[in-house]
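Enquirer: Below you will find the structure I want to go over with you.
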Amino acid sequence: MAEYQRRRALYTAERDDRRIRVAVLAGLAAGGAVLAVVLVGLALNLSAVTLVRAGIAVALVVLVVAAVRFYRIPPEIEAWRQDAGAERHTARALDRLTRAGYTVLHDRSTAESAGNIDHLIIGPSGVWVVETDAHRGPVRESSAGVWVGKVPLRARLGLVAWTGEQVSTALLAELPDGWQLQAQTVLAFARADVPGGLALVDGVLLLPAAGVAEYVLSAGVVLRPLDVAMLVDVVERVLPAYQVTGPPPTWSALSKLRGLRRRERL
């Protein structure tokens with residue numbers, strides 16, 4: 001969710017940077033269109049009133065088209081908006097955990113990554129790192145790896161597993177000696193079907209978003225209430241809320257956004 005806000009801010013900054021240039025170009029285009037209409041009208045011996053009306057109509061059409069193109073949300077931002085919607089769906093599904101005494105945090109940052117952790121769960125059954133996938137289609141495994149629909153998950157699974165390791169390392173560095181902790185990693189599918197409702201691939205649990213809370217609750221008790229309270233305190237310090245900051249005004253933000261989206265699809 002926070003990542004979508006950050007990237008939307010990038011796009012807004014890029015659009016603001018080119019607002020004046022686009023306005024000038026749109027004005028020149030409208031003026032050129034009006035001139036063309038006048039020249040054609042004179043060649044056809046149209047009346048002055050007709051020329052004025054035609055010129056105004058053409059200018060308005062050009063300006064409206066330019067405005068629509070300028071304010072149109074690009075596909076990259078729309079894709080991230082859908083991702084944010086999927087994360088909200090998972091967050092709502094995790095709400096029941098708070099009523100069971102768990103702490104559920106969203107959009108947390110780590111020192112080792114510029115990205116964010118979608119959802120972090122701390123409770124009697126341990127620490128859970130939950131990332132949300134927004135793709136549609138059945139989850140399937142083949143000789144080429146794991147796929148959701150036509151999208152390969154190999155890179156995403158590797159990133160989720162790595163994030164879990166980073167979380168475990170960061171927390172153990174702040175906990176007293178003798179602690180043993182391994183964050184459990186989950187890739188939650190907000191729109192895809194997981195055959196059988198559960199799979200384990202490369203140490204990452206694949207679950208439908210609606211089933212994550214039930215699985216966490218059924219995982220057993222490994223931490224005492226005092227341990228849970230200590231962990232929550234450490235998490236709040238070590239994995240703070242992800243801060244959404246705007247980019248410098250000189251960035252070519254839209255091209256950067258498209259590059260990020262292409263890399264995510266690999």
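Labeling convention for the structure tokens: chains A, B, ... as they appear, residues from 1 per chain, ligands from 1 in order of appearance.
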With range 227-232 of chain A as the partner and 12 Å as the cut-off, tabulate the residues of range 67-150 of chain A that qualify, each row holding the nearest pair of atoms and their distance in Å to one decimal, using only C-alpha atoms, sorted by chain and rising number, as JSON lines.

Expert:
```
{"residue": "A:Gly101", "atom": "CA", "partner": "A:Val228", "partner_atom": "CA", "distance": 9.8}
{"residue": "A:Tyr102", "atom": "CA", "partner": "A:Val228", "partner_atom": "CA", "distance": 8.6}
{"residue": "A:Thr103", "atom": "CA", "partner": "A:Val232", "partner_atom": "CA", "distance": 7.4}
{"residue": "A:Val104", "atom": "CA", "partner": "A:Val232", "partner_atom": "CA", "distance": 9.7}
{"residue": "A:Leu105", "atom": "CA", "partner": "A:Val232", "partner_atom": "CA", "distance": 9.7}
{"residue": "A:Leu120", "atom": "CA", "partner": "A:Val232", "partner_atom": "CA", "distance": 10.3}
{"residue": "A:Ile121", "atom": "CA", "partner": "A:Val232", "partner_atom": "CA", "distance": 9.3}
{"residue": "A:Ile122", "atom": "CA", "partner": "A:Val232", "partner_atom": "CA", "distance": 6.7}
{"residue": "A:Gly123", "atom": "CA", "partner": "A:Val228", "partner_atom": "CA", "distance": 5.7}
{"residue": "A:Pro124", "atom": "CA", "partner": "A:Val228", "partner_atom": "CA", "distance": 6.6}
{"residue": "A:Ser125", "atom": "CA", "partner": "A:Val228", "partner_atom": "CA", "distance": 9.3}
{"residue": "A:Gly126", "atom": "CA", "partner": "A:Val228", "partner_atom": "CA", "distance": 7.9}
{"residue": "A:Val127", "atom": "CA", "partner": "A:Leu231", "partner_atom": "CA", "distance": 8.6}
{"residue": "A:Trp128", "atom": "CA", "partner": "A:Leu231", "partner_atom": "CA", "distance": 11.9}
```

Enquirer: Just want the 12 Å neighbourhood of range 145-150 of chain A, counted on only C-alpha atoms, with same-chain residues fewer than 2 positions away dropped. Output as a PyMOL selection string.

Expert: chain A and resi 133-143+152-158+187-195+199-202+204+206+265-266

Enquirer: List the spatial neighbours of range 65-72 of chain A as a PyMOL selection string - criterion: any atom at most 9 Å away, only C-alpha atoms, same-chain residues fewer than 5 positions off excluded.

Expert: chain A and resi 15+19+22-23+26+60

Enquirer: Taking only C-alpha atoms into account, name the residue in A:Ala48, A:Ile117, A:Leu97, A:Leu63 that is nearest to Gly27 in chain A.

Expert: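 Using only C-alpha atoms, Gly27 in chain A sits closest to A:Leu63.
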
Enquirer: Write out as a PyMOL selection string the set of residues from range 34-226 of chain A that DSSP, computed on the backbone, places in helix (DSSP H, G or I).

Expert: chain A and resi 34-43+48-71+75-99+154-172+195-197+209-218+225-226

Enquirer: Just checking: using only C-alpha atoms, which residue out of A:Arg96, A:Asp107, A:Val234, A:Leu46 ends up closest to Leu172 in chain A?

Expert: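 That would be A:Val234, the residue with the smallest distance to Leu172 in chain A.
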
Enquirer: What does the distance between CA of Val64 in chain A and CA of Asn45 in chain A come to in Å, to one decimal place?

Expert: 28.2 Å

Enquirer: I'd like the interatomic distance between CA of Leu226 in chain A and CA of Thr98 in chain A, to a tenth of an Å.

Expert: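 So the answer is 16.7 Å.
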
Enquirer: Give me, as a PyMOL selection string, all polymer residues having an atom no more than 9 Å from His106 in chain A, counting only C-alpha atoms and skipping those fewer than 5 positions away in the same chain.

Expert: chain A and resi 1-2+91+116-121+241-242
